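What follows is a short report on a single structure.
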Amino acid sequence: MELVTRHGALRLPAFFPDATRAGVRTADAADLRAVGVQGVVVNTFHLLRAPGTGLIKQGGGVHRFMDWSGPVISDSGGFQVYSLIRQNPGSGVIRPNEVIFREKSTGERWSLSPERSVQAQFQLGSDVVMCLDDCTSVEDSEAEQALSVERTVRWARRCRQEFDKLLAERSGRRGAPAGQPLLFAVVQGGASERLRRECAAALAAIGFDGYGFGGWPLDGEGNLITDLLALVAESAPAGLPLHALGIGRPDNVVSAAALGYTIFDCSLPTRDARRRRLYRFLPGRDPATRRGPRPYPPGEPFYDVLYALDQDNANDFGPIDPTCDCPLCARYSRAYLRHLFRVEDGTAERLATLHNLRFYVRLLAALQGDGDVDAG
Ligand SMILES: [Zn+2]
């Protein structure tokens, strides 16, 4: 399956690393290309705060800003409504038509509305624009979930109108970018099957280019809520991209892909790399040995995590993963990586980041049914 964007066709399923502030920490665009990353997710909320989406537009858009020529998805800022305001009510307030954020350091207030979110994503020049949603936790009450669904649908309708208005204004204008961005909507509803169904149906009636599973995707024990993910996948219109926002751990990506999700994004692999945690395929489970329609059956272990600082690595001159072709595994030993981490050389974080991203690229290529892929 492919998704055609203004910046090329994506092979699905695809994993998008989080370039939250228009950068994947420690790795630049050339690094990302070298390990075969197809696209990145940037965050509208953070880029509005710094350096400002207007400034990025002035510099030619986010692709030029970060020298990234592939597809860019922009997160609407909806997740920050949850992670900042719902979890710390002092940091802002959710109103019927906008969200007011209060900066902790300066006390300054600023607002994000459905229209403002879409406008900012147009300023970035992103390929996939996300509707602003009101994200909840599965533990929130049914009444809270119902309110969040009502807002999410109302905001999605306004995002659709703003998106169509901006496209109409832009068409025919000299110097307008070729092609059109896509607009995705996010399904909320917490743990309520009824609300999830209602939300998916209401969004489908408005009509979008793709749909996402919103809300916190893990239960109290950190396990993927597969029954809810399955329900949203079944409720969304068939044949369109399905984005599992914030998913996730390699085994969770495999489980969600089996349910029909085709786009994933998560800060986990790059954050883990900086925490010296490196993913590697178990012997006999690397993508080169896994072909066929279901190379990684959900629930079957296929990888583990190597902690770079372990004493065992001190005099191990072999690679992190002998089946991996990333810059770290192709050129350096475990002993060298451990040494670089111990002396706090930033190169260690970069190499570990590239390795973990390459792990995801190889895993997703196997899920695409292509077997192992060469680095770019
Ligand atoms: Zn590697």
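By order of appearance in the structure tokens: chains A, B, ..., then residues from 1 within every chain, and ligands from 1 in the order shown.
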
Open item on the list: Which residues are near ligand 1 in this structure, taking near to mean any atom at most 12 Å from a ligand atom and counting only C-alpha atoms and all ligand atoms? Format them as a PyMOL selection string.
Closed with: chain A and resi 35+273+278-281+286+306+318-334+337+350-362+375

| task | Fewer than 3 positions away in the same chain doesn't count, so skip those; otherwise give me all residues within 12 Å of Val41 in chain A, counting only C-alpha atoms, as an MDAnalysis selection string. | result | chainID A and resid 14:24 37:38 44 46:47 62:63 68 70:77 121 124 126:130 243 245:246 263:267

Name all residues at most 6 Å from range 146-163 of chain A (count only C-alpha atoms; drop same-chain ones fewer than 4 positions away) and give them as an MDAnalysis selection string.
-> chainID A and resid 114:115 131 133:134 188:189

Restricted to C-alpha atoms, what would the selected residues look like written as a PDB file, in the first residue's frame?
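Saved as part13.pdb:
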ATOM      1  CA  PRO A 114      -8.957  24.639  15.248  1.00  0.00           C
ATOM      2  CA  GLU A 115      -8.442  27.415  12.664  1.00  0.00           C
ATOM      3  CA  CYS A 131      -7.214  18.247  12.947  1.00  0.00           C
ATOM      4  CA  ASP A 133      -8.513  17.168  18.848  1.00  0.00           C
ATOM      5  CA  ASP A 134      -9.292  17.017  22.559  1.00  0.00           C
ATOM      6  CA  GLN A 188     -11.303  10.024  20.483  1.00  0.00           C
ATOM      7  CA  GLY A 189     -13.684   8.384  22.959  1.00  0.00           C
TER       8      GLY A 189
END

Q.
Report, in Å with one decimal, the straight-line distance from CA of Leu363 in chain A to CA of Ile247 in chain A.
A.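 Going from CA of Leu363 in chain A over to CA of Ile247 in chain A covers 14.1 Å.
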
Contacts of Gly92 in chain A at 9 Å (only C-alpha atoms; same-chain gap of 4+ positions) as a ChimeraX atom specification:
/A:81,84-86,88,99-103,109

Next, dump the selected residues to file, keeping only all heavy atoms, as a short mmCIF file (atom, residue, chain, number, x, y, z; two decimals), in the first residue's frame.
data_model
loop_
_atom_site.label_atom_id
_atom_site.label_comp_id
_atom_site.auth_asym_id
_atom_site.auth_seq_id
_atom_site.Cartn_x
_atom_site.Cartn_y
_atom_site.Cartn_z
N VAL A 81 -2.77 19.45 24.59
CA VAL A 81 -3.96 19.81 25.38
C VAL A 81 -4.09 18.81 26.53
O VAL A 81 -4.35 19.17 27.68
CB VAL A 81 -5.24 19.79 24.50
CG1 VAL A 81 -6.47 20.07 25.34
CG2 VAL A 81 -5.11 20.77 23.35
N LEU A 84 -0.45 18.76 28.82
CA LEU A 84 -0.19 19.95 29.63
C LEU A 84 -1.42 20.34 30.46
O LEU A 84 -1.32 20.47 31.67
CB LEU A 84 0.22 21.13 28.73
CG LEU A 84 1.55 20.95 28.01
CD1 LEU A 84 1.84 22.11 27.10
CD2 LEU A 84 2.68 20.76 29.02
N ILE A 85 -2.55 20.52 29.80
CA ILE A 85 -3.69 21.10 30.53
C ILE A 85 -4.47 20.06 31.32
O ILE A 85 -4.77 20.26 32.49
CB ILE A 85 -4.61 21.86 29.56
CG1 ILE A 85 -3.81 23.00 28.93
CG2 ILE A 85 -5.85 22.38 30.29
CD1 ILE A 85 -4.58 23.84 27.98
N ARG A 86 -4.78 18.92 30.69
CA ARG A 86 -5.58 17.94 31.42
C ARG A 86 -4.81 17.38 32.62
O ARG A 86 -5.40 17.04 33.63
CB ARG A 86 -6.00 16.80 30.49
CG ARG A 86 -7.17 17.20 29.60
CD ARG A 86 -7.73 16.01 28.87
NE ARG A 86 -8.93 16.37 28.15
CZ ARG A 86 -10.14 16.35 28.69
NH1 ARG A 86 -10.29 16.00 29.94
NH2 ARG A 86 -11.19 16.70 27.97
N ASN A 88 -2.23 19.08 34.15
CA ASN A 88 -1.87 20.20 35.04
C ASN A 88 -2.82 21.37 34.77
O ASN A 88 -2.49 22.26 33.98
CB ASN A 88 -0.43 20.71 34.76
CG ASN A 88 0.56 19.58 34.78
OD1 ASN A 88 0.87 19.06 35.83
ND2 ASN A 88 1.04 19.20 33.62
N VAL A 99 -8.27 26.56 22.91
CA VAL A 99 -7.53 26.14 24.10
C VAL A 99 -6.61 27.30 24.47
O VAL A 99 -5.92 27.85 23.61
CB VAL A 99 -6.68 24.89 23.80
CG1 VAL A 99 -6.02 24.40 25.07
CG2 VAL A 99 -7.52 23.80 23.18
N ILE A 100 -6.65 27.69 25.75
CA ILE A 100 -5.76 28.77 26.19
C ILE A 100 -4.60 28.14 26.96
O ILE A 100 -4.82 27.40 27.93
CB ILE A 100 -6.49 29.74 27.16
CG1 ILE A 100 -7.85 30.18 26.59
CG2 ILE A 100 -5.60 30.93 27.50
CD1 ILE A 100 -7.79 31.15 25.47
N PHE A 101 -3.39 28.40 26.51
CA PHE A 101 -2.21 27.91 27.21
C PHE A 101 -1.60 29.05 28.01
O PHE A 101 -1.60 30.20 27.57
CB PHE A 101 -1.17 27.40 26.22
CG PHE A 101 -1.59 26.14 25.50
CD1 PHE A 101 -2.16 26.20 24.23
CD2 PHE A 101 -1.42 24.90 26.10
CE1 PHE A 101 -2.55 25.05 23.57
CE2 PHE A 101 -1.82 23.74 25.44
CZ PHE A 101 -2.38 23.82 24.18
N ARG A 102 -1.09 28.71 29.19
CA ARG A 102 -0.41 29.72 30.00
C ARG A 102 1.04 29.27 30.17
O ARG A 102 1.31 28.17 30.64
CB ARG A 102 -1.08 29.85 31.37
CG ARG A 102 -0.72 31.13 32.10
CD ARG A 102 -1.71 31.39 33.22
NE ARG A 102 -1.66 30.32 34.21
CZ ARG A 102 -0.81 30.31 35.24
NH1 ARG A 102 0.02 31.30 35.44
NH2 ARG A 102 -0.81 29.30 36.10
N GLU A 103 1.96 30.14 29.73
CA GLU A 103 3.39 29.81 29.85
C GLU A 103 3.79 29.88 31.32
O GLU A 103 3.56 30.89 31.98
CB GLU A 103 4.23 30.80 29.04
CG GLU A 103 4.00 30.74 27.54
CD GLU A 103 4.52 29.46 26.90
OE1 GLU A 103 5.34 28.76 27.54
OE2 GLU A 103 4.09 29.15 25.78
N ARG A 109 -0.23 34.31 28.13
CA ARG A 109 -1.29 33.43 27.63
C ARG A 109 -1.35 33.48 26.11
O ARG A 109 -1.17 34.55 25.53
CB ARG A 109 -2.65 33.90 28.17
CG ARG A 109 -2.88 33.58 29.61
CD ARG A 109 -4.00 34.45 30.18
NE ARG A 109 -4.09 34.26 31.61
CZ ARG A 109 -4.81 33.31 32.19
NH1 ARG A 109 -5.56 32.52 31.45
NH2 ARG A 109 -4.83 33.17 33.49
#

Review point. Within 7 Å of range 252-259 of chain A, counting only C-alpha atoms, which residues qualify if same-chain residues fewer than 5 places away don't, as a list in words?
Key: Leu224, Ala230, Ala233, Ile247, Tyr296 and Pro298 of chain A

Closest of A:Leu203, A:Leu367, A:Ala314, A:Val232 to Leu183 in chain A, counting only C-alpha atoms, is A:Leu203
